[in-house]
file upload-v1.cif (mmCIF, C-alpha atoms and all ligand atoms)
data_final
#
loop_
_atom_site.label_atom_id
_atom_site.label_comp_id
_atom_site.auth_asym_id
_atom_site.auth_seq_id
_atom_site.Cartn_x
_atom_site.Cartn_y
_atom_site.Cartn_z
CA MET I 1 -89.70 9.42 141.32
CA VAL I 2 -90.25 6.36 143.52
CA ILE I 3 -89.64 7.24 147.17
CA ASN I 4 -88.07 4.20 148.75
CA SER I 5 -89.99 4.17 152.03
CA LYS I 6 -88.20 0.98 153.08
CA ASN I 7 -84.72 2.43 152.91
CA ARG I 8 -84.21 5.98 154.12
CA TYR I 9 -80.57 5.87 152.92
CA ALA I 10 -81.54 5.30 149.27
CA THR I 11 -81.26 9.02 148.55
CA ALA I 12 -78.18 9.65 150.75
CA PRO I 13 -75.27 11.39 148.95
CA LYS I 14 -72.77 8.73 147.77
CA ASN I 15 -68.97 8.98 147.56
CA ALA I 16 -67.21 7.82 144.39
CA ASP I 17 -66.82 4.35 145.97
CA TYR I 18 -70.55 4.30 146.79
CA THR I 19 -69.96 4.65 150.51
CA ILE I 20 -72.28 6.95 152.47
CA ASP I 21 -72.43 8.47 155.93
CA GLN I 22 -74.02 5.93 158.30
CA ALA I 23 -75.30 8.87 160.36
CA TRP I 24 -75.44 6.54 163.37
CA ASP I 25 -77.15 9.12 165.56
CA THR I 26 -80.16 9.21 163.21
CA TYR I 27 -81.27 5.66 164.11
CA SER I 28 -84.46 5.82 166.17
CA ASP I 29 -85.10 3.92 169.40
CA VAL I 30 -87.59 1.84 167.42
CA GLU I 31 -84.83 0.85 164.98
CA HIS I 32 -82.37 0.07 167.79
CA ASP I 33 -85.04 -2.05 169.48
CA ARG I 34 -85.75 -3.90 166.22
CA TRP I 35 -82.04 -4.65 165.88
CA ASN I 36 -81.97 -6.04 169.44
CA ARG I 37 -85.01 -8.25 168.76
CA LEU I 38 -83.51 -9.56 165.52
CA CYS I 39 -80.29 -10.42 167.39
CA GLU I 40 -82.07 -12.01 170.37
CA ARG I 41 -83.99 -14.34 168.07
CA GLN I 42 -80.88 -15.53 166.24
CA ASN I 43 -78.85 -15.73 169.46
CA LYS I 44 -81.38 -18.33 170.67
CA ILE I 45 -81.38 -20.36 167.43
CA LEU I 46 -77.71 -20.38 166.38
CA PRO I 47 -75.83 -22.06 169.27
CA GLY I 48 -75.34 -25.67 168.09
CA ARG I 49 -76.15 -24.67 164.50
CA ALA I 50 -73.71 -21.87 163.61
CA ASP I 51 -70.04 -22.72 163.23
CA GLU I 52 -67.77 -21.86 166.15
CA ALA I 53 -65.94 -19.32 163.95
CA PHE I 54 -69.16 -17.30 163.70
CA LEU I 55 -70.10 -17.56 167.38
CA LYS I 56 -66.55 -16.60 168.39
CA GLY I 57 -66.60 -13.56 166.06
CA LEU I 58 -70.04 -12.45 167.26
CA LYS I 59 -68.76 -12.50 170.84
CA ALA I 60 -65.39 -10.87 170.10
CA LEU I 61 -67.05 -7.94 168.32
CA LYS I 62 -69.84 -7.58 170.92
CA ILE I 63 -72.27 -6.98 168.04
CA THR I 64 -75.52 -7.81 169.82
CA GLY I 65 -77.64 -6.45 172.58
CA ASP I 66 -76.72 -2.82 172.53
CA GLY I 67 -78.59 -1.43 169.52
CA ILE I 68 -77.43 -0.90 165.95
CA PRO I 69 -73.62 -0.82 165.86
CA ASP I 70 -71.68 2.23 164.73
CA MET I 71 -69.69 0.84 161.78
CA GLU I 72 -66.70 3.07 162.49
CA LYS I 73 -66.38 1.78 166.07
CA LEU I 74 -67.06 -1.80 164.99
CA SER I 75 -64.40 -1.47 162.27
CA ASP I 76 -61.83 -0.40 164.86
CA LYS I 77 -62.45 -3.70 166.70
CA LEU I 78 -62.48 -5.83 163.51
CA GLU I 79 -59.38 -4.17 162.05
CA VAL I 80 -57.30 -5.24 165.05
CA ILE I 81 -58.32 -8.88 164.43
CA THR I 82 -58.02 -9.39 160.65
CA GLY I 83 -57.40 -5.94 159.14
CA TRP I 84 -60.94 -5.62 157.75
CA ARG I 85 -63.14 -2.54 158.02
CA ILE I 86 -66.87 -2.13 157.36
CA VAL I 87 -68.06 0.67 155.09
CA PRO I 88 -71.68 1.91 155.01
CA VAL I 89 -73.52 1.78 151.67
CA ALA I 90 -77.10 2.65 150.74
CA ASP I 91 -77.88 -0.60 148.90
CA LEU I 92 -76.27 -3.00 146.41
CA VAL I 93 -73.23 -1.41 144.78
CA PRO I 94 -72.00 -2.10 141.21
CA ASP I 95 -69.96 -5.29 140.73
CA ASP I 96 -66.61 -3.61 140.13
CA VAL I 97 -67.09 -1.37 143.19
CA PHE I 98 -68.04 -4.40 145.30
CA PHE I 99 -64.97 -6.35 144.21
CA ASP I 100 -62.65 -3.41 144.81
CA HIS I 101 -63.94 -3.01 148.38
CA LEU I 102 -63.50 -6.72 149.16
CA ALA I 103 -60.05 -6.81 147.53
CA ASN I 104 -59.04 -4.01 149.92
CA LYS I 105 -60.57 -5.62 153.03
CA ARG I 106 -63.49 -3.23 153.14
CA PHE I 107 -66.87 -4.93 153.64
CA PRO I 108 -69.77 -2.85 152.20
CA ALA I 109 -72.69 -3.08 154.65
CA GLY I 110 -76.19 -1.73 154.12
CA ALA I 111 -76.98 1.08 156.57
CA PHE I 112 -80.77 0.66 156.55
CA ILE I 113 -82.63 -1.72 158.83
CA ARG I 114 -85.59 -3.74 157.52
CA PRO I 115 -89.09 -2.43 158.28
CA GLU I 116 -91.17 -4.25 160.92
CA SER I 117 -93.33 -5.60 158.07
CA GLU I 118 -90.30 -7.55 156.80
CA PHE I 119 -88.98 -8.61 160.20
CA ASP I 120 -88.85 -12.27 159.21
CA TYR I 121 -87.42 -12.00 155.72
CA ILE I 122 -86.07 -9.29 153.46
CA GLN I 123 -84.57 -9.86 150.04
CA GLU I 124 -82.24 -6.86 150.02
CA PRO I 125 -79.20 -6.99 152.34
CA ASP I 126 -80.08 -4.72 155.28
CA ILE I 127 -77.75 -3.88 158.17
CA PHE I 128 -78.85 -6.97 160.11
CA HIS I 129 -77.96 -9.33 157.24
CA ASP I 130 -74.62 -7.60 156.70
CA ILE I 131 -73.42 -6.83 160.23
CA TYR I 132 -74.95 -9.78 162.10
CA GLY I 133 -74.72 -12.28 159.19
CA HIS I 134 -71.48 -11.45 157.40
CA VAL I 135 -69.19 -9.47 159.72
CA PRO I 136 -68.53 -12.03 162.53
CA MET I 137 -67.11 -14.43 159.91
CA LEU I 138 -64.59 -11.73 158.91
CA THR I 139 -62.86 -12.28 162.26
CA ASP I 140 -61.69 -15.67 160.96
CA PRO I 141 -58.28 -15.07 159.33
CA VAL I 142 -58.60 -17.85 156.74
CA PHE I 143 -62.22 -17.18 155.76
CA SER I 144 -61.63 -13.41 155.54
CA ASP I 145 -58.62 -14.06 153.27
CA PHE I 146 -60.97 -16.09 151.06
CA VAL I 147 -63.41 -13.15 150.84
CA GLN I 148 -60.52 -10.84 149.94
CA ALA I 149 -59.33 -13.33 147.28
CA TYR I 150 -62.90 -13.40 145.92
CA GLY I 151 -62.74 -9.63 145.50
CA GLN I 152 -59.35 -9.85 143.78
CA GLY I 153 -60.73 -12.54 141.42
CA GLY I 154 -63.88 -10.57 140.67
CA MET I 155 -62.30 -8.17 138.22
CA ARG I 156 -61.00 -11.12 136.14
CA ALA I 157 -64.47 -12.68 136.02
CA LEU I 158 -65.91 -9.35 134.86
CA GLU I 159 -63.29 -9.07 132.10
CA LEU I 160 -64.03 -12.66 130.97
CA GLY I 161 -67.79 -12.06 131.07
CA GLN I 162 -68.13 -14.93 133.57
CA LEU I 163 -69.33 -13.06 136.62
CA HIS I 164 -72.33 -15.39 136.83
CA ASN I 165 -69.95 -18.30 137.52
CA LEU I 166 -68.14 -16.43 140.30
CA ALA I 167 -71.39 -15.11 141.79
CA ARG I 168 -72.45 -18.72 142.28
CA LEU I 169 -69.25 -19.40 144.24
CA TYR I 170 -70.09 -16.48 146.56
CA TRP I 171 -73.71 -17.54 146.83
CA TYR I 172 -73.08 -21.17 147.81
CA THR I 173 -70.28 -20.29 150.27
CA VAL I 174 -70.30 -16.76 151.71
CA GLU I 175 -74.11 -16.60 151.65
CA PHE I 176 -75.34 -20.20 152.04
CA GLY I 177 -72.35 -22.35 152.95
CA LEU I 178 -72.19 -25.20 155.46
CA VAL I 179 -69.03 -26.63 157.03
CA LYS I 180 -68.45 -30.22 158.27
CA ARG I 181 -67.47 -30.61 161.93
CA GLU I 182 -67.02 -33.73 164.11
CA ASP I 183 -70.47 -33.35 165.64
CA GLY I 184 -72.23 -32.58 162.36
CA LEU I 185 -72.78 -29.82 159.81
CA ARG I 186 -72.55 -26.20 160.91
CA ILE I 187 -73.61 -22.92 159.23
CA TYR I 188 -71.17 -20.23 158.06
CA GLY I 189 -73.22 -18.57 155.25
CA ALA I 190 -74.57 -15.11 156.13
CA GLY I 191 -77.81 -15.60 154.22
CA ILE I 192 -78.64 -18.46 156.60
CA LEU I 193 -77.15 -16.94 159.77
CA SER I 194 -79.42 -13.89 159.42
CA SER I 195 -82.54 -16.01 158.76
CA PRO I 196 -84.32 -17.84 161.62
CA HIS I 197 -86.23 -20.33 159.50
CA GLU I 198 -83.42 -21.20 157.14
CA SER I 199 -81.03 -21.71 160.10
CA VAL I 200 -83.17 -24.73 161.01
CA PHE I 201 -84.21 -25.80 157.50
CA CYS I 202 -80.68 -26.03 156.06
CA LEU I 203 -79.53 -28.50 158.74
CA GLU I 204 -82.62 -30.40 159.81
CA ASP I 205 -85.18 -30.48 157.00
CA PRO I 206 -85.13 -33.59 154.74
CA SER I 207 -86.03 -31.41 151.75
CA PRO I 208 -82.73 -29.94 150.49
CA HIS I 209 -79.83 -31.80 148.91
CA ARG I 210 -76.54 -31.53 150.78
CA VAL I 211 -73.52 -32.04 148.53
CA GLU I 212 -69.78 -31.76 149.10
CA PHE I 213 -68.14 -28.61 147.70
CA ASP I 214 -66.62 -28.90 144.21
CA MET I 215 -65.55 -25.63 142.61
CA GLU I 216 -66.46 -26.32 138.98
CA ARG I 217 -69.72 -28.03 139.88
CA LEU I 218 -70.75 -25.17 142.14
CA MET I 219 -69.85 -22.51 139.54
CA CYS I 220 -72.33 -24.20 137.17
CA THR I 221 -75.18 -24.46 139.68
CA ASP I 222 -78.07 -22.02 139.47
CA TYR I 223 -79.53 -20.69 142.71
CA ILE I 224 -82.72 -19.27 144.15
CA ILE I 225 -82.71 -15.69 145.43
CA ASP I 226 -86.12 -15.37 147.07
CA ASP I 227 -86.61 -18.57 149.05
CA PHE I 228 -84.74 -21.40 150.81
CA GLN I 229 -82.06 -23.17 148.79
CA LYS I 230 -82.71 -26.54 147.09
CA VAL I 231 -79.10 -27.55 147.64
CA TYR I 232 -76.46 -26.66 150.24
CA PHE I 233 -72.75 -27.29 149.62
CA THR I 234 -70.47 -28.38 152.46
CA ILE I 235 -66.75 -27.70 152.93
CA ASP I 236 -64.31 -29.48 155.25
CA SER I 237 -62.58 -26.27 156.34
CA TYR I 238 -62.12 -22.61 155.42
CA GLN I 239 -58.59 -23.53 154.33
CA GLN I 240 -60.18 -25.73 151.65
CA LEU I 241 -61.97 -22.62 150.30
CA LEU I 242 -58.84 -20.48 150.39
CA ASP I 243 -56.73 -23.20 148.71
CA GLN I 244 -59.20 -23.20 145.82
CA CYS I 245 -58.31 -19.56 145.17
CA TYR I 246 -54.69 -20.52 144.44
CA ARG I 247 -55.80 -22.68 141.49
CA ASP I 248 -55.55 -21.36 137.93
CA PHE I 249 -58.90 -19.63 137.53
CA GLY I 250 -58.23 -19.24 133.80
CA GLU I 251 -58.52 -23.02 133.47
CA ILE I 252 -61.55 -23.16 135.76
CA TYR I 253 -63.37 -20.43 133.81
CA LYS I 254 -62.60 -22.24 130.54
CA THR I 255 -64.09 -25.48 131.91
CA VAL I 256 -67.26 -23.90 133.26
CA LYS I 257 -67.79 -21.46 130.36
CA ALA I 258 -69.03 -24.18 128.03
CA ALA I 259 -70.75 -26.28 130.70
CA PRO I 260 -74.57 -26.24 130.86
CA ALA I 261 -76.11 -24.76 134.01
CA ILE I 262 -77.10 -27.33 136.65
CA ALA I 263 -80.56 -26.83 138.14
CA PRO I 264 -80.47 -26.38 141.94
CA ASP I 265 -82.55 -29.53 142.53
CA GLU I 266 -80.46 -31.67 140.16
CA LEU I 267 -77.75 -34.11 141.33
CA ILE I 268 -74.98 -35.17 138.93
CA ASP I 269 -72.86 -38.39 138.80
CA LEU I 270 -69.73 -36.61 140.02
CA ASP I 271 -71.43 -35.40 143.20
CA ASN I 272 -70.30 -36.62 146.61
CA VAL I 273 -73.84 -36.53 147.99
CA ILE I 274 -74.10 -36.20 151.76
CA ASN I 275 -77.85 -36.65 151.53
CA LYS I 276 -80.28 -36.62 148.62
CA GLY I 277 -83.10 -34.26 149.57
CA THR I 278 -86.80 -35.04 149.11
CA GLN I 279 -87.45 -31.50 147.76
CA THR I 280 -90.81 -31.71 149.54
CA TYR I 281 -90.64 -28.06 150.66
CA PHE I 282 -90.78 -26.90 147.04
CA LEU I 283 -93.13 -29.67 145.85
CA ASN I 284 -95.61 -28.67 148.56
CA LYS I 285 -95.31 -25.01 147.55
CA LEU I 286 -96.07 -25.98 143.95
CA ARG I 287 -99.05 -28.07 145.06
CA ASN I 288 -100.46 -25.30 147.27
CA ALA I 289 -99.96 -22.75 144.52
CA SER I 290 -101.87 -24.79 141.92
N1 LIG K 1 -72.64 -7.86 144.52
N2 LIG K 1 -72.24 -6.28 142.88
C1 LIG K 1 -72.60 -6.58 144.13
N3 LIG K 1 -72.90 -5.57 144.97
C2 LIG K 1 -73.27 -5.81 146.25
O1 LIG K 1 -73.55 -4.88 147.00
C3 LIG K 1 -73.32 -7.15 146.69
C4 LIG K 1 -73.01 -8.16 145.80
N4 LIG K 1 -73.07 -9.43 146.16
C5 LIG K 1 -73.47 -9.83 147.47
C6 LIG K 1 -73.82 -8.71 148.34
N5 LIG K 1 -73.71 -7.45 147.97
C7 LIG K 1 -74.35 -9.10 149.68
O2 LIG K 1 -73.70 -10.24 150.16
C8 LIG K 1 -74.27 -8.05 150.74
O3 LIG K 1 -74.82 -8.67 151.91
C9 LIG K 1 -72.86 -7.62 151.02
FE FE K 2 -74.89 -10.87 151.77
#

call {"tool": "encode", "arguments": {"input": "upload-v1.cif", "output": "structure tokens"}}
result
Amino acid sequence: MVINSKNRYATAPKNADYTIDQAWDTYSDVEHDRWNRLCERQNKILPGRADEAFLKGLKALKITGDGIPDMEKLSDKLEVITGWRIVPVADLVPDDVFFDHLANKRFPAGAFIRPESEFDYIQEPDIFHDIYGHVPMLTDPVFSDFVQAYGQGGMRALELGQLHNLARLYWYTVEFGLVKREDGLRIYGAGILSSPHESVFCLEDPSPHRVEFDMERLMCTDYIIDDFQKVYFTIDSYQQLLDQCYRDFGEIYKTVKAAPAIAPDELIDLDNVINKGTQTYFLNKLRNAS
């Protein structure tokens, strides 16, 4: 049996809905200190880069500076704002379980914190990615309604066998989305907000493409799970995202079902390109690897 040294919750007893006991009092001082250092680093980088909705939520929930939050107490604050609660889970939960939680305004957050050896980057969603990256955005009433609508739509995608199309929507918005503001692009995707390097790369590096959001196009676009993105999609507002959920998804799924996947570094004629990236970050990686 592989003992998961990285995640001491991996063997925790799970409820039927895959939630576990966060056992907040078992976090060590070392873990609380690591949380504080992760927050301090992002708190320095994000002003001027993260969208106001995120910064406002982070402040309202008082998430940083006082050690790893107790999800129960944090949920009591969040619930007053948008009705959402945060439920502790050991690691990724099955698709149908994930959708059911989101559809019922329960956000499943990993309880483990990344080891010091993965301070800069961890592929699995740990408590810093989930609570610092995702939860502040759930204080925005429109964006959090979009996440709930995503959960409600998830079951349909599963039934149609088109989860991969919907997962791309989540990836290029909830995880890696950018929003247009008067003074420039701002970050709202949790995968970026919880990553120091990508917080700078996504806005300032000439390498990635930046393309305006288009639902069908985005649902056909492959993505990278273990490195920066080759393309970032931009929305004009969270209302634009929510309005998309009122469209007939049956029609959308039909359109994208037959469509060929678009490679993440490919641009297509229909694109409203904000800027065509050089892709140098990945070209250099290829060159160094060879
Ligand atoms: N999908 N099926 C499933 N299960 C998860 O736990 C899950 C996911 N998609 C995204 C995701 N978790 C991460 O965004 C976490 O940070 C919540
Ligand atoms: Fe996530």

call {"tool": "closest_residue", "arguments": {"input": "upload-v1.cif", "among": "I:Val211, I:Leu163, I:Ala109, I:Ala289", "to": "ligand LIG 1 (chain K)", "atoms": "all atoms listed in the file"}}
result
I:Ala109

call {"tool": "residues_near_ligand", "arguments": {"input": "upload-v1.cif", "ligand": "ligand LIG 1 (chain K)", "cutoff": "8 Å", "atoms": "all atoms listed in the file", "output": "PyMOL selection string"}}
result
chain I and resi 91-99+107-110+124-126+129-130+134+167+170-171+174-175+190-191

call {"tool": "atom_distance", "arguments": {"input": "upload-v1.cif", "atom1": "CA of Ile262 in chain I", "atom2": "CA of Gln229 in chain I"}}
result
13.8 Å

call {"tool": "closest_atom_pairs", "arguments": {"input": "upload-v1.cif", "of": "range 184-205 of chain I", "to": "range 50-72 of chain I", "cutoff": "6 Å", "atoms": "all atoms listed in the file", "output": "CSV"}}
result
residue,atom,partner,partner_atom,distance
I:Arg186,CA,I:Asp51,CA,4.9
I:Ile187,CA,I:Ala50,CA,4.5
I:Tyr188,CA,I:Asp51,CA,5.8

call {"tool": "axis_aligned_box", "arguments": {"input": "upload-v1.cif", "around": "range 29-41 of chain I", "padding_each_side": "3 Å", "output": "JSON"}}
result
{"center_x": -83.9, "center_y": -5.2, "center_z": 167.7, "size_x": 13.3, "size_y": 24.3, "size_z": 11.4}

call {"tool": "closest_residue", "arguments": {"input": "upload-v1.cif", "among": "I:Gln244, I:Ser195, I:Thr234, I:Asn275", "to": "ligand FE 2 (chain K)", "atoms": "only C-alpha atoms and all ligand atoms"}}
result
I:Ser195

call {"tool": "closest_residue", "arguments": {"input": "upload-v1.cif", "among": "I:Ile127, I:Ala23, I:Ala261, I:Leu286", "to": "ligand FE 2 (chain K)", "atoms": "only C-alpha atoms and all ligand atoms"}}
result
I:Ile127

call {"tool": "closest_residue", "arguments": {"input": "upload-v1.cif", "among": "I:Ile274, I:Val80, I:Met219, I:Ala12", "to": "Gln162 in chain I", "atoms": "all atoms listed in the file"}}
result
I:Met219

call {"tool": "atom_distance", "arguments": {"input": "upload-v1.cif", "atom1": "CA of Lys230 in chain I", "atom2": "CA of Pro264 in chain I"}}
result
5.6 Å

call {"tool": "atom_distance", "arguments": {"input": "upload-v1.cif", "atom1": "CA of Gly83 in chain I", "atom2": "CA of Leu158 in chain I"}}
result
26.0 Å
